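Below is target08.csv, holding CSV, C-alpha atoms.
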chain,number,residue,atom,x,y,z
A,1,MET,CA,0.0,0.0,0.0
A,2,ASN,CA,2.8,2.4,1.0
A,3,ALA,CA,4.9,1.4,-2.0
A,4,LEU,CA,2.0,2.0,-4.3
A,5,LEU,CA,1.4,5.5,-2.9
A,6,TRP,CA,5.1,6.3,-3.4
A,7,THR,CA,4.9,5.0,-7.0
A,8,LEU,CA,1.9,7.2,-7.6
A,9,LEU,CA,3.6,10.2,-6.2
A,10,ASP,CA,6.7,9.6,-8.3
A,11,LEU,CA,4.6,9.1,-11.4
A,12,LEU,CA,2.8,12.4,-10.6
A,13,LEU,CA,6.1,14.1,-10.1
A,14,ALA,CA,7.5,12.9,-13.4
A,15,ALA,CA,4.3,13.9,-15.3
A,16,MET,CA,4.4,17.3,-13.7
A,17,LEU,CA,8.1,17.8,-14.5
A,18,LEU,CA,7.4,16.9,-18.2
A,19,GLY,CA,4.3,19.2,-18.3
A,20,LEU,CA,6.1,22.1,-16.6
A,21,GLY,CA,9.1,21.7,-18.9
A,22,TRP,CA,7.0,21.7,-21.9
A,23,ALA,CA,4.9,24.7,-20.7
A,24,ALA,CA,8.0,26.7,-19.9
A,25,VAL,CA,9.4,26.2,-23.4
A,26,ALA,CA,6.1,26.6,-25.3
A,27,THR,CA,4.8,29.7,-23.7
A,28,ARG,CA,5.0,33.0,-25.7
A,29,ASP,CA,5.2,35.1,-22.6
A,30,LEU,CA,8.9,35.1,-21.4
A,31,LYS,CA,8.0,36.1,-17.8
A,32,ARG,CA,5.5,33.3,-17.6
A,33,GLY,CA,8.2,31.0,-19.0
A,34,VAL,CA,10.6,32.0,-16.2
A,35,ALA,CA,8.0,31.5,-13.5
A,36,LEU,CA,7.3,28.0,-14.9
A,37,PHE,CA,11.0,27.3,-15.1
A,38,ILE,CA,11.3,28.2,-11.4
A,39,ALA,CA,8.4,25.8,-10.5
A,40,PHE,CA,10.1,23.2,-12.7
A,41,GLY,CA,13.4,23.6,-10.7
A,42,LEU,CA,11.6,23.2,-7.4
A,43,LEU,CA,9.9,20.0,-8.5
A,44,LEU,CA,13.2,18.8,-9.9
A,45,ALA,CA,14.7,19.3,-6.4
A,46,LEU,CA,11.8,17.1,-5.0
A,47,ALA,CA,12.7,14.5,-7.7
A,48,TRP,CA,16.3,14.5,-6.5
A,49,ALA,CA,15.1,14.1,-2.9
A,50,ARG,CA,13.0,11.1,-4.0
A,51,LEU,CA,16.1,9.6,-5.6
A,52,ARG,CA,17.8,10.0,-2.2
A,53,ALA,CA,20.3,12.6,-3.4
A,54,PRO,CA,19.7,15.4,-0.9
A,55,ASP,CA,23.0,17.1,-1.9
A,56,LEU,CA,21.7,17.5,-5.4
A,57,ALA,CA,18.2,18.5,-4.2
A,58,LEU,CA,19.8,21.3,-2.1
A,59,ALA,CA,21.9,22.5,-5.0
A,60,GLU,CA,19.0,22.3,-7.5
A,61,ALA,CA,16.7,24.2,-5.2
A,62,ALA,CA,19.3,26.9,-4.4
A,63,ILE,CA,21.0,27.3,-7.8
A,64,GLY,CA,18.8,25.7,-10.4
A,65,ALA,CA,15.5,27.2,-9.2
A,66,GLY,CA,16.5,30.1,-6.9
A,67,LEU,CA,19.5,31.8,-8.4
A,68,ALA,CA,18.9,30.8,-12.0
A,69,GLY,CA,15.3,32.1,-11.7
A,70,ALA,CA,16.5,35.3,-10.2
A,71,LEU,CA,19.1,35.8,-13.0
A,72,LEU,CA,16.5,35.1,-15.6
A,73,LEU,CA,14.1,37.6,-14.0
A,74,ALA,CA,16.8,40.2,-13.8
A,75,ALA,CA,17.6,39.7,-17.4
A,76,LEU,CA,14.0,40.2,-18.4
A,77,ARG,CA,13.6,43.3,-16.2
A,78,ASP,CA,14.9,45.8,-18.7
A,79,GLU,CA,13.2,44.2,-21.7
A,80,PRO,CA,10.4,46.4,-23.0
A,81,ARG,CA,8.2,43.6,-24.2
A,82,HIS,CA,8.1,40.1,-22.7
A,83,GLU,CA,7.2,38.2,-25.8
A,84,LYS,CA,9.1,35.7,-27.9
A,85,PRO,CA,9.5,36.8,-31.5
A,86,ALA,CA,7.5,34.6,-33.8
A,87,ALA,CA,9.7,31.8,-35.2
A,88,ALA,CA,10.3,32.3,-38.9
A,89,HIS,CA,11.4,28.9,-40.0
A,90,SER,CA,10.9,27.4,-43.4
A,91,ARG,CA,9.2,24.1,-43.7
A,92,ALA,CA,12.4,22.3,-44.6
A,93,GLY,CA,14.2,23.9,-41.6
A,94,LEU,CA,11.4,22.8,-39.3
A,95,TRP,CA,11.7,19.2,-40.5
A,96,THR,CA,15.4,19.3,-40.0
A,97,LEU,CA,14.9,20.6,-36.4
A,98,ASN,CA,12.4,17.9,-35.7
A,99,LEU,CA,14.6,15.2,-37.1
A,100,LEU,CA,17.6,16.4,-35.1
A,101,SER,CA,15.4,16.5,-31.9
A,102,VAL,CA,14.3,12.9,-32.5
A,103,LEU,CA,17.9,11.8,-33.1
A,104,LEU,CA,19.0,13.6,-29.9
A,105,ALA,CA,16.1,11.9,-27.9
A,106,VAL,CA,17.3,8.5,-29.3
A,107,VAL,CA,20.9,9.1,-28.2
A,108,VAL,CA,19.8,10.3,-24.7
A,109,ALA,CA,17.5,7.3,-24.3
A,110,TRP,CA,20.3,5.0,-25.4
A,111,ALA,CA,22.8,6.5,-23.0
A,112,LEU,CA,20.3,6.2,-20.2
A,113,LEU,CA,19.7,2.5,-21.1
A,114,CYS,CA,23.5,1.9,-21.1
A,115,ALA,CA,23.8,3.5,-17.7
A,116,LEU,CA,21.0,1.5,-16.3
A,117,GLU,CA,22.4,-1.8,-17.6
A,118,MET,CA,26.0,-1.1,-16.6
A,119,GLY,CA,27.6,-4.0,-14.9
A,120,GLU,CA,28.3,-4.0,-11.2
A,121,GLY,CA,32.1,-4.0,-11.8
A,122,LEU,CA,32.0,-0.5,-13.3
A,123,ARG,CA,30.1,1.2,-10.4
A,124,LEU,CA,32.2,3.3,-8.2
A,125,ALA,CA,29.9,3.7,-5.2
A,126,GLY,CA,31.5,0.6,-3.6
A,127,ALA,CA,35.0,1.9,-4.0
A,128,VAL,CA,33.9,5.2,-2.4
A,129,THR,CA,32.3,3.5,0.6
A,130,ASP,CA,35.4,1.3,1.0
A,131,HIS,CA,37.8,4.2,1.1
A,132,ILE,CA,35.7,6.9,2.8
A,133,GLY,CA,37.7,6.3,6.1
A,134,GLN,CA,40.8,7.8,4.4
A,135,SER,CA,39.0,10.8,2.9
A,136,GLY,CA,38.9,13.0,6.0
A,137,VAL,CA,35.1,13.4,5.8
A,138,SER,CA,32.2,11.0,6.3
A,139,ASN,CA,29.8,12.4,3.7
A,140,PRO,CA,30.5,10.4,0.5
A,141,VAL,CA,29.5,13.3,-1.8
A,142,THR,CA,32.0,15.6,-0.2
A,143,ALA,CA,34.6,12.8,-0.2
A,144,VAL,CA,34.2,12.4,-4.0
A,145,LEU,CA,34.0,16.2,-4.8
A,146,LEU,CA,36.9,17.3,-2.6
A,147,ASN,CA,39.1,14.3,-2.3
A,148,PHE,CA,38.7,11.4,-4.8
A,149,ARG,CA,37.8,13.6,-7.7
A,150,ALA,CA,39.1,17.0,-6.4
A,151,TYR,CA,40.5,17.7,-9.8
A,152,ASP,CA,36.9,18.0,-11.3
A,153,THR,CA,35.8,20.4,-8.6
A,154,LEU,CA,39.0,22.5,-9.1
A,155,LEU,CA,38.1,22.8,-12.8
A,156,GLU,CA,34.5,23.6,-12.0
A,157,LEU,CA,35.6,26.6,-9.9
A,158,ALA,CA,37.7,27.7,-12.9
A,159,VAL,CA,34.6,27.4,-15.1
A,160,ILE,CA,32.6,29.6,-12.7
A,161,LEU,CA,35.4,32.1,-12.5
A,162,SER,CA,35.7,32.4,-16.3
A,163,ALA,CA,31.9,32.7,-16.6
A,164,VAL,CA,31.8,35.6,-14.2
A,165,LEU,CA,34.8,37.2,-16.0
A,166,GLY,CA,32.6,37.1,-19.1
A,167,VAL,CA,29.7,38.8,-17.2
A,168,LEU,CA,32.1,41.5,-15.9
A,169,ALA,CA,33.4,42.1,-19.4
A,170,LEU,CA,29.9,43.2,-20.5
A,171,GLY,CA,30.2,46.5,-18.6
A,172,PRO,CA,28.9,48.0,-15.4
A,173,ALA,CA,26.0,46.8,-13.4
A,174,ARG,CA,22.4,47.4,-14.3
A,175,ARG,CA,20.6,50.1,-12.4
A,176,GLY,CA,19.6,49.0,-8.9
A,177,TYR,CA,16.2,48.9,-7.3
A,178,GLY,CA,14.4,51.6,-5.2
A,179,LEU,CA,14.1,51.3,-1.4
A,180,PRO,CA,11.6,48.7,-0.4
A,181,GLY,CA,8.5,49.3,1.7
A,182,PRO,CA,8.5,48.5,5.5
A,183,VAL,CA,7.3,44.9,5.0
A,184,LEU,CA,10.0,43.8,2.5
A,185,GLY,CA,12.6,45.8,4.3
A,186,GLY,CA,11.8,44.2,7.6
A,187,LEU,CA,11.9,40.7,6.0
A,188,ILE,CA,15.2,41.4,4.4
A,189,ARG,CA,16.7,42.7,7.7
A,190,TRP,CA,16.0,39.4,9.5
A,191,LEU,CA,16.4,37.0,6.6
A,192,VAL,CA,19.9,38.1,5.5
A,193,PRO,CA,21.6,37.3,8.8
A,194,LEU,CA,19.7,34.0,8.9
A,195,LEU,CA,20.9,33.1,5.4
A,196,ILE,CA,24.5,33.9,6.4
A,197,VAL,CA,24.2,31.6,9.5
A,198,THR,CA,22.6,28.9,7.3
A,199,ALA,CA,25.5,29.2,4.8
A,200,GLY,CA,28.0,28.7,7.6
A,201,TYR,CA,26.1,25.7,8.8
A,202,LEU,CA,25.9,24.2,5.3
A,203,LEU,CA,29.6,24.6,4.8
A,204,TRP,CA,30.4,23.0,8.2
A,205,VAL,CA,27.9,20.2,7.9
A,206,GLY,CA,29.1,19.2,4.4
A,207,ALA,CA,31.9,17.1,6.0
A,208,HIS,CA,29.4,14.5,7.4
A,209,ALA,CA,25.9,15.2,5.9
A,210,PRO,CA,24.4,16.8,2.8
A,211,GLY,CA,25.8,20.3,2.3
A,212,GLY,CA,29.1,21.8,1.2
A,213,ALA,CA,30.6,24.7,-0.7
A,214,PHE,CA,28.2,25.0,-3.5
A,215,GLN,CA,25.1,24.9,-1.4
A,216,ALA,CA,26.6,27.3,1.1
A,217,GLY,CA,27.8,29.7,-1.6
A,218,ALA,CA,24.4,29.7,-3.2
A,219,THR,CA,22.8,30.5,0.1
A,220,LEU,CA,25.1,33.4,0.7
A,221,ALA,CA,24.4,34.6,-2.9
A,222,ALA,CA,20.7,34.4,-2.1
A,223,ALA,CA,21.3,36.9,0.7
A,224,ALA,CA,23.0,39.2,-1.8
A,225,VAL,CA,20.1,38.9,-4.2
A,226,LEU,CA,17.7,39.9,-1.3
A,227,LEU,CA,19.9,42.9,-0.4
A,228,ARG,CA,20.0,44.0,-4.0
A,229,LEU,CA,16.2,43.7,-4.3
A,230,GLY,CA,15.9,45.7,-1.1
A,231,GLY,CA,17.7,48.7,-2.7
A,232,VAL,CA,21.3,47.9,-1.7
A,233,ASP,CA,23.0,48.6,-5.0
A,234,ARG,CA,26.2,46.6,-4.3
A,235,ALA,CA,24.2,43.6,-2.9
A,236,GLY,CA,26.4,43.5,0.2
A,237,LEU,CA,29.5,42.8,-1.7
A,238,PRO,CA,32.7,44.4,-0.4
A,239,ALA,CA,34.6,47.0,-2.4
A,240,ALA,CA,35.7,45.9,-5.9
A,241,ALA,CA,39.3,45.3,-5.0
A,242,VAL,CA,38.3,42.9,-2.1
A,243,SER,CA,35.6,41.3,-4.2
A,244,ARG,CA,38.2,40.5,-6.9
A,245,TRP,CA,40.3,38.6,-4.5
A,246,LEU,CA,37.3,36.8,-3.0
A,247,LEU,CA,36.2,35.8,-6.5
A,248,ALA,CA,39.6,34.2,-7.2
A,249,ALA,CA,40.1,32.9,-3.6
A,250,GLY,CA,38.5,29.5,-4.2
A,251,LEU,CA,40.6,28.6,-7.2
A,252,LEU,CA,43.8,30.2,-5.7
A,253,VAL,CA,43.5,28.3,-2.4
A,254,PHE,CA,42.6,25.0,-4.2
A,255,LEU,CA,45.6,25.4,-6.5
A,256,GLY,CA,47.8,26.5,-3.6
A,257,VAL,CA,46.9,23.4,-1.5
A,258,GLY,CA,47.4,21.1,-4.5
A,259,LEU,CA,50.7,22.6,-5.6
A,260,SER,CA,52.1,22.7,-2.0
A,261,LEU,CA,51.2,19.1,-1.6
A,262,ALA,CA,52.9,18.3,-4.9
A,263,GLY,CA,56.0,20.3,-3.7
A,264,LEU,CA,56.1,18.4,-0.5
A,265,GLY,CA,56.1,15.1,-2.4
A,266,TYR,CA,52.6,13.9,-1.8
A,267,GLY,CA,51.4,14.4,-5.4
A,268,PHE,CA,49.0,17.1,-6.7
A,269,LEU,CA,45.9,17.2,-4.4
A,270,GLN,CA,46.9,13.9,-2.7
A,271,TYR,CA,46.0,14.8,0.9
A,272,PRO,CA,48.3,13.2,3.6
A,273,ALA,CA,46.3,11.1,6.0
A,274,GLY,CA,45.2,13.0,9.0
A,275,LEU,CA,45.3,16.4,7.3
A,276,ALA,CA,42.6,15.6,4.7
A,277,GLY,CA,39.7,16.9,6.8
A,278,GLY,CA,41.3,20.2,7.7
A,279,LEU,CA,42.5,20.8,4.1
A,280,ILE,CA,39.1,20.1,2.7
A,281,LEU,CA,37.5,22.5,5.1
A,282,VAL,CA,40.0,25.3,4.1
A,283,ILE,CA,39.4,24.7,0.4
A,284,GLU,CA,35.6,24.5,0.9
A,285,SER,CA,35.6,27.8,2.9
A,286,ALA,CA,37.4,29.6,0.2
A,287,ALA,CA,35.3,28.0,-2.5
A,288,THR,CA,32.1,29.1,-0.6
A,289,LEU,CA,33.2,32.7,-0.6
A,290,SER,CA,34.2,32.6,-4.3
A,291,ILE,CA,30.9,30.9,-5.4
A,292,ALA,CA,28.9,33.4,-3.4
A,293,VAL,CA,30.7,36.4,-4.9
A,294,ALA,CA,30.6,34.9,-8.4
A,295,LEU,CA,26.8,34.3,-8.2
A,296,ALA,CA,26.1,37.7,-6.6
A,297,LEU,CA,28.2,39.5,-9.3
A,298,ALA,CA,26.4,37.6,-12.0
A,299,TYR,CA,23.1,38.7,-10.5
A,300,VAL,CA,24.1,42.3,-10.1
A,301,GLY,CA,25.5,42.2,-13.7
A,302,GLY,CA,29.0,43.7,-13.0
A,303,TRP,CA,30.6,46.2,-10.7
A,304,SER,CA,28.1,48.6,-9.3
A,305,ARG,CA,28.3,52.2,-10.5
A,306,SER,CA,27.4,53.8,-7.3
A,307,GLY,CA,30.6,52.4,-5.7
A,308,SER,CA,31.1,53.1,-2.1
A,309,THR,CA,28.2,55.4,-1.5
A,310,GLN,CA,26.3,52.7,0.4
A,311,PRO,CA,26.1,53.1,4.2
A,312,ASP,CA,28.1,50.4,6.0
A,313,SER,CA,25.1,49.2,8.1
A,314,THR,CA,23.6,47.6,5.0
A,315,GLN,CA,26.6,45.6,3.9
A,316,GLY,CA,25.5,41.9,4.2
A,317,GLY,CA,28.9,40.3,3.9
A,318,SER,CA,30.3,42.1,6.9
A,319,HIS,CA,27.6,41.4,9.4
B,1,MET,CA,-3.7,8.4,20.0
B,2,ILE,CA,-1.0,10.7,19.0
B,3,ASP,CA,-1.1,9.2,15.5
B,4,PHE,CA,-4.8,9.9,15.3
B,5,ILE,CA,-4.4,13.5,16.4
B,6,ALA,CA,-1.6,14.0,13.9
B,7,ILE,CA,-3.6,12.6,11.1
B,8,VAL,CA,-6.6,14.8,11.9
B,9,LEU,CA,-4.4,17.8,12.0
B,10,ILE,CA,-2.7,17.0,8.6
B,11,VAL,CA,-6.0,16.2,6.9
B,12,THR,CA,-7.5,19.5,8.2
B,13,GLY,CA,-4.4,21.3,7.0
B,14,ILE,CA,-4.8,19.7,3.5
B,15,GLY,CA,-8.4,20.9,3.6
B,16,PHE,CA,-7.2,24.5,4.1
B,17,PHE,CA,-4.8,24.0,1.1
B,18,ALA,CA,-7.7,22.8,-1.0
B,19,VAL,CA,-9.8,25.8,0.0
B,20,GLY,CA,-6.9,28.2,-0.8
B,21,SER,CA,-6.4,26.6,-4.2
B,22,ILE,CA,-10.1,26.8,-5.1
B,23,GLY,CA,-10.1,30.4,-4.0
B,24,LEU,CA,-7.0,31.1,-6.2
B,25,LEU,CA,-8.9,29.7,-9.2
B,26,ARG,CA,-12.4,31.0,-8.5
B,27,LEU,CA,-12.3,34.4,-6.8
B,28,PRO,CA,-12.8,37.4,-9.1
B,29,ASP,CA,-10.0,39.9,-8.4
B,30,LEU,CA,-6.3,39.9,-7.3
B,31,HIS,CA,-6.8,41.0,-3.7
B,32,SER,CA,-9.4,38.5,-2.8
B,33,ARG,CA,-7.4,35.8,-4.5
B,34,LEU,CA,-4.3,36.8,-2.5
B,35,HIS,CA,-6.4,36.8,0.7
B,36,ALA,CA,-7.8,33.3,0.1
B,37,LEU,CA,-4.4,31.9,-0.8
B,38,THR,CA,-2.3,33.3,2.0
B,39,LYS,CA,-4.7,32.9,4.8
B,40,ALA,CA,-5.6,29.3,3.9
B,41,ASP,CA,-2.0,28.3,3.1
B,42,ASN,CA,-0.5,29.7,6.2
B,43,LEU,CA,-3.1,28.0,8.4
B,44,GLY,CA,-2.9,24.8,6.3
B,45,LEU,CA,0.8,24.6,6.5
B,46,GLY,CA,0.7,25.3,10.2
B,47,LEU,CA,-1.7,22.4,10.8
B,48,VAL,CA,0.4,20.1,8.5
B,49,THR,CA,3.6,21.0,10.3
B,50,LEU,CA,1.9,20.6,13.7
B,51,GLY,CA,0.8,17.1,12.6
B,52,THR,CA,4.2,16.1,11.2
B,53,ALA,CA,5.9,17.5,14.3
B,54,LEU,CA,3.8,15.2,16.5
B,55,LEU,CA,4.8,12.3,14.3
B,56,ALA,CA,8.5,13.4,14.1
B,57,GLY,CA,9.5,11.5,17.3
B,58,SER,CA,12.2,14.0,18.3
B,59,LEU,CA,12.0,17.5,19.7
B,60,ALA,CA,14.8,18.7,17.5
B,61,THR,CA,12.9,17.7,14.3
B,62,ALA,CA,9.7,19.2,15.7
B,63,ILE,CA,11.4,22.5,16.3
B,64,LYS,CA,12.9,22.5,12.8
B,65,LEU,CA,9.5,21.9,11.4
B,66,LEU,CA,8.0,24.8,13.3
B,67,LEU,CA,10.9,27.1,12.2
B,68,ILE,CA,10.1,26.1,8.6
B,69,TRP,CA,6.5,27.2,9.2
B,70,LEU,CA,7.6,30.5,10.6
B,71,LEU,CA,9.9,31.2,7.7
B,72,VAL,CA,7.2,30.3,5.1
B,73,LEU,CA,4.7,32.5,7.1
B,74,ALA,CA,7.0,35.5,6.9
B,75,ALA,CA,7.9,35.0,3.3
B,76,SER,CA,4.3,34.4,2.2
B,77,ALA,CA,3.1,37.4,4.1
B,78,ALA,CA,5.8,39.7,2.6
B,79,SER,CA,5.2,38.4,-0.9
B,80,ALA,CA,1.5,38.9,-0.6
B,81,ASN,CA,2.1,42.4,0.5
B,82,LEU,CA,4.5,43.0,-2.4
B,83,ILE,CA,2.0,41.7,-5.0
B,84,ALA,CA,-0.9,43.6,-3.5
B,85,ARG,CA,1.1,46.9,-3.3
B,86,HIS,CA,2.4,46.5,-6.9
B,87,ALA,CA,-1.1,45.9,-8.2
B,88,LEU,CA,-2.5,48.8,-6.2
B,89,GLU,CA,0.2,51.2,-7.5
B,90,ARG,CA,-0.4,50.1,-11.1
B,91,GLY,CA,-4.1,50.1,-10.7
B,92,ASP,CA,-4.1,46.6,-12.1
B,93,GLU,CA,-6.6,44.6,-10.1
B,94,ARG,CA,-7.7,41.8,-12.4

Using the file provided, produce a representation of the structure as structure tokens.
Amino acid sequence: MNALLWTLLDLLLAAMLLGLGWAAVATRDLKRGVALFIAFGLLLALAWARLRAPDLALAEAAIGAGLAGALLLAALRDEPRHEKPAAAHSRAGLWTLNLLSVLLAVVVAWALLCALEMGEGLRLAGAVTDHIGQSGVSNPVTAVLLNFRAYDTLLELAVILSAVLGVLALGPARRGYGLPGPVLGGLIRWLVPLLIVTAGYLLWVGAHAPGGAFQAGATLAAAAVLLRLGGVDRAGLPAAAVSRWLLAAGLLVFLGVGLSLAGLGYGFLQYPAGLAGGLILVIESAATLSIAVALALAYVGGWSRSGSTQPDSTQGGSH
Amino acid sequence: MIDFIAIVLIVTGIGFFAVGSIGLLRLPDLHSRLHALTKADNLGLGLVTLGTALLAGSLATAIKLLLIWLLVLAASAASANLIARHALERGDER
């Protein structure tokens, strides 16, 4: 009975995901499309939770639905009209597109089938559980991201950094928002400190439970988005010179740790036993700040023009 | 007995959600729709969290659930205020 209920819930979830995905793409009104995309992201987070991947559920809710949604809304803000231009495809072009879509669907379905049928020998989960004792943390996701496959995470940080450099190259920030009314202002005043505490908790708890640098960074960035919406032009970011260093800190610390270990004869990012936990925490702390600054800068859209005219009492990062 | 009370609370809460959703779909203008949605949802979520807190088995989980309710309460009240104010300023009350 219970299993049947869960299956029904899962089927409903899958159907709603497909429906929302379709609706988000099909709607002519871009604002409506973004709203549907945010709802899609929240349901996707539920789907990850049902697949018992709480780390991914947290990341999807914070980054996929929350920050990506905020970014899309910010991008739409200065658009005069929120309508997709009518597609002007020829009949032949339309058929080619359809054919390519079907081909893509077949390839994706085939890849999924291969993954599902993969032999036990190729699965790495067993290897992770066997060696988690040496990783310095007890959360298998953090063990993989920051120890066994630390190289991947290092490169991910480099990707985020270069993406934000691209955003910064587009020029100064868009204009900010006006001062909020008392209700929103009050909410922001007590939500922002709460978000900062939550980010610290997520960073710390990542060693032994779902959490970690990406979730913590996204939570900090959410505080920045709130501040920006509440009329704080710089979104609580420190001065540009400091922000630049914070932006690069994750990659610099990660590389620094890796290279020092290599210099000491351990091999690049091969943590010595006993030090692994501490080193992972140092890297994750720096990565959290970098991710937060990167996401906040992407949301603001560049360096703020109003510079240092903000009163210090409203700077979120320095609470 | 606790199970029974919890189930009654959760079912009542779901009832409030249903009423709120019907109000969102059926009421004529923005302000009454907001009224129906936020009041019903806040009370509905409160009852559901109260029920799940009874079932949670540990005080820590129960407190976390109540904190979630308070956060949603604040966020939903603030967003209702924002939507209503925006509509009032623009004179757009559909």

The residue from B:Thr49, B:Asn81, B:Thr12, B:Ser21 with the smallest atom-to-atom distance to chain A, counting only C-alpha atoms, is B:Asn81

Output as a PyMOL selection string the set of chain A residues within 10 Å of chain B, with distances taken over all atoms listed in the file. chain A and resi 180-188+191

For segment 146-222 of chain A versus segment 279-296 of chain A, which residues have an atom no more than 8 Å away, and what is each residue's nearest atom pair and distance in Å rounded to one decimal, using all atoms listed in the file, chain-then-number order, as CSV?
residue,atom,partner,partner_atom,distance
A:Leu146,CA,A:Ile280,CA,6.4
A:Asn147,CA,A:Ile280,CA,7.7
A:Leu157,CA,A:Ala287,CA,7.5
A:Ile160,CA,A:Ala294,CA,7.1
A:Leu161,CA,A:Ala294,CA,6.9
A:Val164,CA,A:Ala294,CA,6.0
A:Leu203,CA,A:Ser285,CA,7.1
A:Trp204,CA,A:Leu281,CA,7.8
A:Ala207,CA,A:Leu281,CA,7.8
A:Gly212,CA,A:Glu284,CA,7.0
A:Ala213,CA,A:Thr288,CA,4.6
A:Phe214,CA,A:Thr288,CA,6.4
A:Ala216,CA,A:Thr288,CA,6.0
A:Gly217,CA,A:Ala292,CA,4.3
A:Ala218,CA,A:Ala292,CA,5.8
A:Thr219,CA,A:Ala292,CA,7.6
A:Leu220,CA,A:Ala292,CA,5.6
A:Ala221,CA,A:Ala292,CA,4.7
A:Ala222,CA,A:Ala296,CA,7.8

Quiz item: Interatomic distance between atom CA of Gly69 of chain A and atom CA of Trp6 of chain A?
Solution: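 One can read the atom CA of Gly69 of chain A to atom CA of Trp6 of chain A distance as 29.0 Å.
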
Write out as a count of residues only which residues come within 10 Å of segment 61-69 of chain B when counting all atoms listed in the file, dropping same-chain ones fewer than 4 positions away. 18

Can you tell me which residues surround segment 123-135 of chain A at a distance of at most 9 Å, considering all atoms listed in the file, apart from same-chain residues fewer than 2 positions away, and format the answer as number ranges by chain?
A: 118-121, 137-140, 143-144, 146-148, 271, 273-274, 276-277

Between B:Ile5, B:Ala60, B:Gly44, B:Ile10, smallest distance to Val72 of chain B by only C-alpha atoms belongs to B:Gly44

Write out as a PyMOL selection string which residues come within 8 Å of Ala84 of chain B when counting all atoms listed in the file, dropping same-chain ones fewer than 4 positions away.
-> chain B and resi 30-31+34+80+88

To one decimal in Å, tell me the separation between atom CA of Phe16 of chain B and atom CA of Phe4 of chain B.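 The value is 18.6 Å.
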
Proximity to Leu252 of chain A - best of A:Ala223, A:Leu154, A:Ala298, A:Leu112, only C-alpha atoms: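 The closest residue to Leu252 of chain A is A:Leu154.
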
Atom CA of Leu145 of chain A to atom CA of Pro272 of chain A measures 16.9 Å

Q) Between A:Leu58, A:Leu251, A:Ala74, A:Thr198, which one has atoms that come closest to Leu46 of chain A, using all atoms listed in the file? A)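 Looking at the shortest contact to Leu46 of chain A, the residue is A:Leu58.
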